[in-house]
$ cat protein_18.tsv   # TSV, C-alpha atoms (C1' of nucleotides)
chain	number	residue	atom	x	y	z
A	267	MET	CA	90.64	99.09	108.46
A	268	VAL	CA	89.25	102.12	106.67
A	269	GLU	CA	89.34	99.94	103.54
A	270	PHE	CA	86.38	97.97	104.86
A	271	ASN	CA	84.52	101.27	104.94
A	272	THR	CA	85.09	102.26	101.33
A	273	ARG	CA	85.11	98.90	99.52
A	274	GLY	CA	83.12	96.76	101.94
A	275	TYR	CA	84.29	93.84	104.06
A	276	ASP	CA	83.85	91.10	101.46
A	277	ALA	CA	85.37	93.11	98.63
A	278	THR	CA	88.45	93.99	100.68
A	279	SER	CA	91.12	91.30	100.60
A	280	MET	CA	93.84	90.72	103.15
A	281	GLU	CA	96.28	91.74	100.43
A	282	ASP	CA	94.49	95.09	100.10
A	283	LEU	CA	94.80	95.64	103.82
A	284	SER	CA	98.44	94.57	104.05
A	285	ARG	CA	99.42	96.71	101.09
A	286	ALA	CA	97.75	99.70	102.77
A	287	ALA	CA	99.79	98.87	105.89
A	288	GLY	CA	102.98	98.82	103.82
A	289	ILE	CA	103.83	95.17	104.46
A	290	THR	CA	103.21	91.87	102.70
A	291	LYS	CA	100.21	89.69	103.27
A	292	SER	CA	102.21	87.17	105.28
A	293	SER	CA	103.60	89.83	107.57
A	294	PHE	CA	100.09	91.07	108.09
A	295	TYR	CA	99.06	87.64	109.32
A	296	HIS	CA	101.69	87.95	112.02
A	297	HIS	CA	99.62	90.74	113.60
A	298	PHE	CA	96.12	89.40	113.04
A	299	ALA	CA	95.09	85.76	113.32
A	300	SER	CA	92.48	85.95	110.55
A	301	LYS	CA	90.27	88.26	108.57
A	302	GLU	CA	87.36	87.38	110.82
A	303	ALA	CA	89.39	88.28	113.93
A	304	LEU	CA	90.01	91.67	112.38
A	305	LEU	CA	86.30	92.08	111.76
A	306	ARG	CA	85.45	91.05	115.29
A	307	ALA	CA	87.91	93.55	116.76
A	308	GLY	CA	86.37	96.33	114.69
A	309	LEU	CA	82.83	95.39	115.62
A	310	GLN	CA	83.82	95.33	119.28
A	311	VAL	CA	85.02	98.93	119.07
A	312	ALA	CA	81.67	100.02	117.64
A	313	LEU	CA	79.63	98.05	120.18
A	314	ASP	CA	81.72	99.30	123.10
A	315	GLY	CA	81.08	102.87	122.01
A	316	LEU	CA	77.35	102.31	121.70
A	317	PHE	CA	76.89	100.58	125.04
A	318	GLU	CA	78.95	103.25	126.79
A	319	VAL	CA	76.21	105.65	125.70
A	320	LEU	CA	73.61	103.59	127.54
A	321	ASP	CA	75.81	103.45	130.64
A	322	HIS	CA	76.31	107.20	130.78
A	323	PRO	CA	74.58	108.96	133.72
A	324	ASP	CA	72.62	111.23	131.37
A	325	ALA	CA	71.09	108.15	129.74
A	326	ASN	CA	69.74	107.04	133.12
A	327	ALA	CA	68.53	110.30	134.67
A	328	GLY	CA	65.52	112.51	134.01
A	329	SER	CA	62.35	111.76	132.09
A	330	PRO	CA	62.28	109.11	129.34
A	331	ALA	CA	62.17	111.83	126.69
A	332	GLN	CA	65.15	113.62	128.21
A	333	ARG	CA	67.15	110.41	128.37
A	334	LEU	CA	66.16	109.59	124.81
A	335	ARG	CA	67.40	112.93	123.58
A	336	TYR	CA	70.76	112.42	125.23
A	337	ILE	CA	71.07	108.94	123.70
A	338	VAL	CA	70.25	110.14	120.19
A	339	ALA	CA	72.88	112.88	120.28
A	340	ALA	CA	75.47	110.66	121.96
A	341	GLN	CA	74.84	107.84	119.50
A	342	VAL	CA	75.50	110.23	116.61
A	343	ALA	CA	78.69	111.37	118.35
A	344	VAL	CA	79.90	107.77	118.67
A	345	LEU	CA	79.08	107.20	115.01
A	346	GLN	CA	81.25	110.18	114.11
A	347	ARG	CA	84.12	109.25	116.43
A	348	GLU	CA	84.23	105.57	115.38
A	349	LEU	CA	82.88	105.95	111.85
A	350	PRO	CA	84.77	103.06	110.20
A	351	TYR	CA	83.79	100.63	112.93
A	352	VAL	CA	80.17	101.71	113.25
A	353	THR	CA	79.86	101.55	109.47
A	354	LEU	CA	81.20	98.02	109.66
A	355	LEU	CA	78.59	97.14	112.26
A	356	LEU	CA	75.75	98.69	110.29
A	357	ARG	CA	76.54	96.55	107.26
A	358	VAL	CA	76.67	93.23	109.07
A	359	ARG	CA	74.25	90.72	107.55
A	360	GLY	CA	74.71	87.67	109.77
A	361	ASN	CA	76.41	85.26	107.37
A	362	THR	CA	79.09	84.09	109.82
A	363	GLU	CA	79.09	83.34	113.52
A	364	THR	CA	80.90	86.60	114.26
A	365	GLU	CA	78.34	88.56	112.29
A	366	ARG	CA	75.45	86.87	114.05
A	367	TRP	CA	77.02	87.76	117.38
A	368	ALA	CA	77.32	91.40	116.30
A	369	LEU	CA	73.73	91.44	115.07
A	370	GLU	CA	72.57	90.12	118.40
A	371	GLN	CA	74.49	92.83	120.27
A	372	ARG	CA	73.14	95.48	117.98
A	373	ARG	CA	69.60	94.28	118.50
A	374	ALA	CA	70.15	94.45	122.24
A	375	PHE	CA	71.17	98.09	121.90
A	376	ASP	CA	68.20	98.92	119.68
A	377	GLY	CA	65.93	97.07	122.08
A	378	ARG	CA	67.02	99.28	124.95
A	379	VAL	CA	66.30	102.41	122.93
A	380	SER	CA	63.01	101.01	121.72
A	381	ALA	CA	61.91	100.29	125.29
A	382	LEU	CA	62.74	103.86	126.22
A	383	VAL	CA	60.55	105.14	123.38
A	384	GLY	CA	57.76	102.99	124.80
A	385	ASP	CA	58.33	104.47	128.25
A	386	ALA	CA	58.16	108.00	126.88
A	387	VAL	CA	54.90	107.25	125.07
A	388	ALA	CA	53.45	105.65	128.22
A	389	ALA	CA	54.51	108.71	130.22
A	390	GLY	CA	52.61	110.93	127.81
A	391	GLU	CA	55.75	112.76	126.75
A	392	LEU	CA	55.42	112.03	123.05
A	393	ARG	CA	52.72	112.44	120.45
A	394	SER	CA	49.62	110.50	121.35
A	395	GLY	CA	48.78	107.69	118.98
A	396	LEU	CA	52.44	107.27	118.13
A	397	ASP	CA	53.35	103.67	117.36
A	398	PRO	CA	56.40	103.08	119.58
A	399	THR	CA	57.75	100.22	117.49
A	400	LEU	CA	57.58	102.14	114.23
A	401	ALA	CA	58.93	105.29	115.88
A	402	ALA	CA	61.90	103.40	117.33
A	403	ARG	CA	62.69	101.79	113.98
A	404	LEU	CA	62.55	105.07	112.09
A	405	LEU	CA	64.59	106.72	114.81
A	406	SER	CA	67.27	104.07	114.50
A	407	GLY	CA	67.27	104.38	110.73
A	408	LEU	CA	67.53	108.15	110.84
A	409	VAL	CA	70.39	108.18	113.35
A	410	ASN	CA	72.39	105.48	111.59
A	411	SER	CA	71.94	107.12	108.21
A	412	VAL	CA	74.36	109.82	109.35
A	413	ALA	CA	77.09	107.30	108.49
A	414	GLU	CA	76.07	107.57	104.84
A	415	TRP	CA	77.08	111.20	104.47
A	416	TYR	CA	79.16	112.32	107.46
A	417	ARG	CA	82.86	112.51	106.69
A	418	PRO	CA	85.45	113.44	109.35
A	419	GLY	CA	87.41	116.64	109.10
A	420	ARG	CA	84.77	118.75	107.47
A	421	PRO	CA	83.67	121.90	109.30
A	422	GLY	CA	80.43	121.76	111.24
A	423	GLY	CA	80.84	118.17	112.32
A	424	ALA	CA	80.66	119.03	116.01
A	425	ALA	CA	77.17	120.48	115.54
A	426	VAL	CA	75.74	117.34	113.93
A	427	PRO	CA	74.67	115.41	117.08
A	428	ASP	CA	72.57	118.30	118.39
A	429	ALA	CA	71.18	119.07	114.94
A	430	VAL	CA	70.06	115.46	114.53
A	431	ALA	CA	68.50	115.43	117.99
A	432	ASP	CA	66.67	118.65	117.14
A	433	ALA	CA	65.36	117.16	113.91
A	434	VAL	CA	64.10	114.11	115.78
A	435	PHE	CA	62.37	115.99	118.60
A	436	ALA	CA	61.17	119.08	116.73
A	437	GLY	CA	60.43	117.14	113.54
A	438	ILE	CA	62.31	116.60	110.30
A	439	LEU	CA	59.71	118.35	108.20
A	440	PRO	CA	57.13	119.82	110.58
A	441	ALA	CA	54.72	122.44	109.31
A	442	SER	CA	55.26	124.60	112.35
B	135	MET	CA	67.91	87.47	93.05
B	136	VAL	CA	66.55	87.46	96.57
B	137	GLU	CA	69.83	85.84	97.56
B	138	PHE	CA	71.59	89.16	97.04
B	139	ASN	CA	69.22	90.55	99.64
B	140	THR	CA	69.99	88.04	102.38
B	141	ARG	CA	73.67	87.27	101.84
B	142	GLY	CA	74.81	90.37	100.00
B	143	TYR	CA	75.98	90.74	96.41
B	144	ASP	CA	79.64	89.88	96.95
B	145	ALA	CA	78.91	86.94	99.24
B	146	THR	CA	76.43	85.41	96.80
B	147	SER	CA	78.08	83.28	94.11
B	148	MET	CA	76.68	82.45	90.70
B	149	GLU	CA	76.47	78.87	91.93
B	150	ASP	CA	74.26	79.98	94.82
B	151	LEU	CA	71.95	81.74	92.38
B	152	SER	CA	71.84	78.89	89.86
B	153	ARG	CA	71.16	76.32	92.57
B	154	ALA	CA	68.27	78.47	93.80
B	155	ALA	CA	67.00	78.54	90.22
B	156	GLY	CA	67.20	74.76	90.01
B	157	ILE	CA	69.76	74.60	87.20
B	158	THR	CA	73.52	74.34	86.96
B	159	LYS	CA	75.85	77.27	86.92
B	160	SER	CA	76.54	76.87	83.20
B	161	SER	CA	72.86	76.84	82.35
B	162	PHE	CA	72.47	79.97	84.39
B	163	TYR	CA	75.08	81.71	82.24
B	164	HIS	CA	72.89	80.98	79.23
B	165	HIS	CA	70.31	83.40	80.63
B	166	PHE	CA	72.58	86.09	82.04
B	167	ALA	CA	75.79	87.27	80.43
B	168	SER	CA	77.58	87.93	83.72
B	169	LYS	CA	77.09	88.56	87.39
B	170	GLU	CA	77.48	92.26	86.78
B	171	ALA	CA	74.75	92.19	84.12
B	172	LEU	CA	72.47	90.61	86.67
B	173	LEU	CA	73.32	93.35	89.13
B	174	ARG	CA	72.70	96.05	86.55
B	175	ALA	CA	69.30	94.59	85.66
B	176	GLY	CA	68.30	94.58	89.31
B	177	LEU	CA	69.49	98.12	89.89
B	178	GLN	CA	67.56	99.23	86.83
B	179	VAL	CA	64.32	97.86	88.31
B	180	ALA	CA	64.87	99.83	91.51
B	181	LEU	CA	65.79	103.04	89.69
B	182	ASP	CA	62.85	102.76	87.30
B	183	GLY	CA	60.51	102.45	90.27
B	184	LEU	CA	61.98	105.46	92.01
B	185	PHE	CA	61.94	107.76	88.99
B	186	GLU	CA	58.37	106.77	88.18
B	187	VAL	CA	57.51	108.29	91.56
B	188	LEU	CA	58.95	111.63	90.46
B	189	ASP	CA	57.07	111.45	87.15
B	190	HIS	CA	53.70	110.82	88.81
B	191	PRO	CA	51.19	113.70	88.55
B	192	ASP	CA	50.87	113.94	92.34
B	193	ALA	CA	54.61	114.58	92.57
B	194	ASN	CA	54.22	117.61	90.31
B	195	ALA	CA	51.02	119.21	91.55
B	196	GLY	CA	50.17	121.21	94.65
B	197	SER	CA	52.45	122.93	97.11
B	198	PRO	CA	56.04	121.72	97.63
B	199	ALA	CA	55.06	120.20	100.98
B	200	GLN	CA	52.12	118.36	99.44
B	201	ARG	CA	54.29	117.00	96.64
B	202	LEU	CA	56.93	116.00	99.17
B	203	ARG	CA	54.44	114.05	101.20
B	204	TYR	CA	53.28	112.13	98.15
B	205	ILE	CA	56.88	111.32	97.20
B	206	VAL	CA	57.76	110.05	100.67
B	207	ALA	CA	54.79	107.68	100.79
B	208	ALA	CA	55.25	106.56	97.17
B	209	GLN	CA	58.96	105.98	97.71
B	210	VAL	CA	58.20	103.69	100.64
B	211	ALA	CA	55.65	101.85	98.50
B	212	VAL	CA	58.25	101.28	95.77
B	213	LEU	CA	60.69	100.05	98.40
B	214	GLN	CA	58.10	97.53	99.55
B	215	ARG	CA	57.11	96.43	96.06
B	216	GLU	CA	60.69	96.04	94.78
B	217	LEU	CA	62.38	95.27	98.08
B	218	PRO	CA	65.19	93.02	96.77
B	219	TYR	CA	66.15	95.48	94.05
B	220	VAL	CA	65.91	98.61	96.18
B	221	THR	CA	67.95	96.86	98.86
B	222	LEU	CA	70.54	96.08	96.21
B	223	LEU	CA	70.62	99.74	95.20
B	224	LEU	CA	70.94	100.98	98.77
B	225	ARG	CA	74.02	98.83	99.35
B	226	VAL	CA	75.92	99.93	96.27
B	227	ARG	CA	79.33	101.34	97.18
B	228	GLY	CA	80.73	102.35	93.79
B	229	ASN	CA	83.52	99.80	93.35
B	230	THR	CA	82.68	98.95	89.74
B	231	GLU	CA	81.54	100.99	86.76
B	232	THR	CA	78.02	99.63	87.10
B	233	GLU	CA	77.90	100.58	90.75
B	234	ARG	CA	79.15	104.08	90.05
B	235	TRP	CA	76.43	104.50	87.44
B	236	ALA	CA	73.81	103.39	89.96
B	237	LEU	CA	75.20	105.75	92.60
B	238	GLU	CA	74.99	108.62	90.15
B	239	GLN	CA	71.36	107.80	89.34
B	240	ARG	CA	70.52	107.52	93.01
B	241	ARG	CA	72.13	110.88	93.73
B	242	ALA	CA	70.04	112.39	90.95
B	243	PHE	CA	66.88	111.10	92.62
B	244	ASP	CA	67.95	112.35	96.05
B	245	GLY	CA	68.88	115.69	94.50
B	246	ARG	CA	65.37	116.13	93.15
B	247	VAL	CA	63.87	115.42	96.58
B	248	SER	CA	66.41	117.65	98.28
B	249	ALA	CA	65.53	120.54	95.95
B	250	LEU	CA	61.88	120.07	96.79
B	251	VAL	CA	62.69	120.32	100.51
B	252	GLY	CA	64.46	123.58	99.75
B	253	ASP	CA	61.40	124.84	97.86
B	254	ALA	CA	59.12	123.95	100.77
B	255	VAL	CA	61.38	125.81	103.20
B	256	ALA	CA	61.54	128.82	100.88
B	257	ALA	CA	57.74	128.77	100.59
B	258	GLY	CA	57.47	128.92	104.37
B	259	GLU	CA	55.71	125.57	104.55
B	260	LEU	CA	58.21	123.93	106.86
B	261	ARG	CA	59.77	124.77	110.20
B	262	SER	CA	61.68	128.03	110.04
B	263	GLY	CA	65.39	127.68	110.61
B	264	LEU	CA	65.30	124.15	109.20
B	265	ASP	CA	68.51	123.24	107.39
B	266	PRO	CA	67.22	121.90	104.04
B	267	THR	CA	70.34	119.86	103.32
B	268	LEU	CA	70.34	118.13	106.68
B	269	ALA	CA	66.57	117.61	106.57
B	270	ALA	CA	66.77	116.04	103.11
B	271	ARG	CA	69.57	113.72	104.20
B	272	LEU	CA	67.76	112.57	107.32
B	273	LEU	CA	64.57	112.20	105.32
B	274	SER	CA	66.34	109.96	102.82
B	275	GLY	CA	67.90	107.93	105.61
B	276	LEU	CA	64.62	107.48	107.41
B	277	VAL	CA	62.70	106.43	104.31
B	278	ASN	CA	65.36	104.00	103.10
B	279	SER	CA	65.73	102.44	106.54
B	280	VAL	CA	62.34	100.81	106.02
B	281	ALA	CA	64.24	98.24	103.93
B	282	GLU	CA	66.03	97.13	107.09
B	283	TRP	CA	62.91	95.80	108.78
B	284	TYR	CA	60.04	95.58	106.31
B	285	ARG	CA	59.38	92.01	105.14
B	286	PRO	CA	56.71	91.20	102.54
B	287	GLY	CA	53.66	89.18	103.46
B	288	ARG	CA	53.30	90.39	107.00
B	289	PRO	CA	50.02	92.06	107.96
B	290	GLY	CA	49.96	95.83	108.12
B	291	GLY	CA	52.36	96.32	105.23
B	292	ALA	CA	49.88	98.39	103.24
B	293	ALA	CA	49.71	100.95	106.03
B	294	VAL	CA	53.47	101.55	106.18
B	295	PRO	CA	53.80	104.26	103.48
B	296	ASP	CA	51.21	106.53	105.15
B	297	ALA	CA	52.58	105.78	108.61
B	298	VAL	CA	56.07	106.79	107.53
B	299	ALA	CA	54.79	109.95	105.87
B	300	ASP	CA	52.91	110.79	109.07
B	301	ALA	CA	56.05	110.28	111.13
B	302	VAL	CA	57.99	112.57	108.82
B	303	PHE	CA	55.44	115.39	108.71
B	304	ALA	CA	54.04	115.18	112.22
B	305	GLY	CA	57.40	114.24	113.73
B	306	ILE	CA	58.98	110.97	114.77
B	307	LEU	CA	59.12	111.91	118.43
B	308	PRO	CA	57.32	115.23	118.83
B	309	ALA	CA	56.34	116.39	122.28
B	310	SER	CA	52.90	117.39	121.09
C	9	DG	C1'	68.64	75.07	77.03
C	10	DT	C1'	70.95	72.02	79.93
C	11	DC	C1'	74.79	69.46	81.04
C	12	DT	C1'	80.12	67.95	82.40
C	13	DA	C1'	84.51	69.61	82.57
C	14	DT	C1'	87.78	72.99	83.09
C	15	DA	C1'	90.23	77.30	82.56
C	16	DA	C1'	92.14	81.45	84.81
C	17	DA	C1'	92.21	84.34	88.57
C	18	DT	C1'	91.77	85.39	93.37
C	19	DC	C1'	90.80	84.27	97.94
C	20	DG	C1'	92.23	83.29	103.05
C	21	DA	C1'	95.79	81.16	105.19
C	22	DT	C1'	100.35	78.56	106.09
C	23	DA	C1'	105.38	76.87	105.71
C	24	DG	C1'	109.70	77.98	106.41
C	25	DA	C1'	113.98	80.83	105.49
C	26	DC	C1'	116.25	85.00	107.21
D	163	DG	C1'	108.81	90.67	112.22
D	164	DT	C1'	109.29	90.45	107.41
D	165	DC	C1'	109.94	87.98	103.45
D	166	DT	C1'	109.16	84.37	99.10
D	167	DA	C1'	106.62	80.63	97.81
D	168	DT	C1'	102.74	77.94	97.78
D	169	DC	C1'	98.58	75.26	99.28
D	170	DG	C1'	93.74	74.36	98.85
D	171	DA	C1'	89.41	76.19	98.17
D	172	DT	C1'	86.39	79.15	95.71
D	173	DT	C1'	85.32	82.46	92.30
D	174	DT	C1'	83.60	84.16	87.56
D	175	DA	C1'	83.32	82.51	83.26
D	176	DT	C1'	83.91	79.50	78.96
D	177	DA	C1'	84.24	75.24	75.80
D	178	DG	C1'	81.85	71.97	73.80
D	179	DA	C1'	78.83	67.71	73.86
D	180	DC	C1'	73.87	66.47	73.85

$ encode --input "protein_18.tsv" --output "structure tokens"
Amino acid sequence: MVEFNTRGYDATSMEDLSRAAGITKSSFYHHFASKEALLRAGLQVALDGLFEVLDHPDANAGSPAQRLRYIVAAQVAVLQRELPYVTLLLRVRGNTETERWALEQRRAFDGRVSALVGDAVAAGELRSGLDPTLAARLLSGLVNSVAEWYRPGRPGGAAVPDAVADAVFAGILPAS
Amino acid sequence: MVEFNTRGYDATSMEDLSRAAGITKSSFYHHFASKEALLRAGLQVALDGLFEVLDHPDANAGSPAQRLRYIVAAQVAVLQRELPYVTLLLRVRGNTETERWALEQRRAFDGRVSALVGDAVAAGELRSGLDPTLAARLLSGLVNSVAEWYRPGRPGGAAVPDAVADAVFAGILPAS
DNA sequence: GTCTATAAATCGATAGAC
DNA sequence: GTCTATCGATTTATAGAC
């Protein structure tokens, strides 16, 4: 499944996957009904991890800004823990029915976070004049971009979620 | 070429492209030597746009933070102007020789920006204790994520570069 | 510069023996 | 549960007529 991560879903053939598993292509089809079923299973892992973040008590207690901070850090942690699957999800374009389903789920997650940003702005917890829609989009982009450079096993990985949350709430490049 | 944007490079066949151009696949091959040549031409457009940003006078005058702010806004503007090509570049994974070349060029661009972040930190213009490497990575991720939601022709597009630069330098979600 | 026709390779997936 | 063999569709790309 990691092959999807490095070469991309389309560019990875079932023969690539079966060879990596040490069996022939036909044997591989004994374990998975189709390539799309394999994709769906991977996307489900990523989506389960993300929605568990929203169900966590810390995501539903305290001020909007406090809840938002927990979600940002936890979302990064999920991205690290399920990197191949989250990467798969982030690259979905919506060409097939399975991909459209995943896109819809992902939008639901982003919508929940976006609404929370709106709540925090309405509560006066964030910068005044902040456009909640733009802020939520940039926030999503920043968090998900961790998948572009984070690689498991390297030292310092455990500090990434908090460091990202700090950058978001104290500013990426603030003058003071 | 916009087809690469919506369906992805691998999932878009030469027949898809030729049909969109209103000619047959064979006629299409009269204009482009290969699918990879088409990809390379598109990637070149994106890279030319990005490096022109670094060559602009405003990217080489003033304090590091001032130069950085110009680059962020100008990079977003290039992304908007050459959306299909920049999108193509952002999705390159390095499977072929052409893709590895593009990745190398992109890393060179990011390296220049990253060095500038380091200069700004060293000059005391940014938050103390800021990790320049992490900040540069998140900055890159945030800027490039505009390609995920920006669509040409919609009102308010001209304000996006400044709005993104504001979010970066005043904070995405700052408390004050 | 566009077309029909086709080559050569690869794809996802299946049949059927063991 | 794994294998060899193959199907049928699709892919990039070319040959050659007009």

$ residues_around --input "protein_18.tsv" --residues "Asn139 (chain B)" --least-positions-apart "2" --cutoff "7 Å" --atoms "all atoms listed in the file" --output "PyMOL selection string"
chain B and resi 136-137+141-142+218+221-222

$ residues_around --input "protein_18.tsv" --residues "DA25 (chain C)" --least-positions-apart "6" --cutoff "12 Å" --atoms "all atoms listed in the file" --output "JSON, numbers by chain"
{"D": [164, 165, 166, 167]}

$ closest_atom_pairs --input "protein_18.tsv" --of "chain B" --to "chain D" --cutoff "12 Å" --atoms "only C-alpha atoms (C1' of nucleotides)" --output "CSV"
residue,atom,partner,partner_atom,distance
B:Asp144,CA,D:DT173,C1',10.4
B:Ala145,CA,D:DT173,C1',10.5
B:Thr146,CA,D:DT173,C1',10.4
B:Ser147,CA,D:DT173,C1',7.5
B:Met148,CA,D:DT174,C1',7.8
B:Glu149,CA,D:DT173,C1',9.6
B:Asp150,CA,D:DT173,C1',11.6
B:Lys159,CA,D:DA175,C1',9.8
B:Ser160,CA,D:DA175,C1',8.8
B:Ser161,CA,D:DT176,C1',11.9
B:Phe162,CA,D:DA175,C1',11.2
B:Tyr163,CA,D:DA175,C1',8.3
B:His164,CA,D:DT176,C1',11.1
B:Phe166,CA,D:DA175,C1',11.4
B:Ala167,CA,D:DA175,C1',9.3
B:Ser168,CA,D:DA175,C1',7.9
B:Lys169,CA,D:DT174,C1',7.9
B:Glu170,CA,D:DT174,C1',10.2

$ interface_residues --input "protein_18.tsv" --of "chain C" --to "chain B" --cutoff "9 Å" --atoms "only C-alpha atoms (C1' of nucleotides)" --output "JSON, numbers by chain"
{"C": [9, 10, 11]}

$ closest_residue --input "protein_18.tsv" --among "A:Val430, A:Leu305, A:Ala287, A:Val311" --to "Thr362 (chain A)" --atoms "only C-alpha atoms"
A:Leu305

$ closest_atom_pairs --input "protein_18.tsv" --of "chain B" --to "chain A" --cutoff "6 Å" --atoms "only C-alpha atoms" --output "tab-separated table"
residue	atom	partner	partner_atom	distance
B:Glu259	CA	A:Ala441	CA	5.8
B:Leu260	CA	A:Ala441	CA	4.5
B:Arg261	CA	A:Ser442	CA	5.0
B:Ala269	CA	A:Ile438	CA	5.8
B:Leu272	CA	A:Leu408	CA	5.7
B:Gly275	CA	A:Ser411	CA	4.9
B:Leu276	CA	A:Leu408	CA	4.5
B:Ser279	CA	A:Gly407	CA	4.9
B:Phe303	CA	A:Pro440	CA	5.1
B:Ala304	CA	A:Pro440	CA	5.8
B:Gly305	CA	A:Gly437	CA	4.2
B:Ile306	CA	A:Ala401	CA	5.8
B:Leu307	CA	A:Phe435	CA	5.2
B:Pro308	CA	A:Phe435	CA	5.1
B:Ala309	CA	A:Leu392	CA	4.5
B:Ser310	CA	A:Arg393	CA	5.0

$ residues_around --input "protein_18.tsv" --residues "Ala207 (chain B)" --least-positions-apart "4" --cutoff "6 Å" --atoms "all atoms listed in the file" --output "number ranges by chain"
B: 295-296, 299

$ residues_around --input "protein_18.tsv" --residues "Gln310 (chain A)" --least-positions-apart "4" --cutoff "10 Å" --atoms "only C-alpha atoms (C1' of nucleotides)" --output "compact mmCIF listing (two decimals) with C-alpha atoms, in the frame of the given file"
# COMPACT_ATOMS: atom_id res chain seq x y z
CA LEU A 304 90.01 91.67 112.38
CA LEU A 305 86.30 92.08 111.76
CA ARG A 306 85.45 91.05 115.29
CA ASP A 314 81.72 99.30 123.10
CA GLY A 315 81.08 102.87 122.01
CA LEU A 316 77.35 102.31 121.70
CA TYR A 351 83.79 100.63 112.93
CA VAL A 352 80.17 101.71 113.25
CA LEU A 355 78.59 97.14 112.26
CA ALA A 368 77.32 91.40 116.30
CA GLN A 371 74.49 92.83 120.27

$ atom_distance --input "protein_18.tsv" --atom1 "CA of Trp235 (chain B)" --atom2 "CA of Glu186 (chain B)"
18.2 Å

$ atom_distance --input "protein_18.tsv" --atom1 "CA of Leu382 (chain A)" --atom2 "CA of Ala211 (chain B)"
28.7 Å

$ atom_distance --input "protein_18.tsv" --atom1 "CA of Phe375 (chain A)" --atom2 "CA of Asn326 (chain A)"
14.4 Å
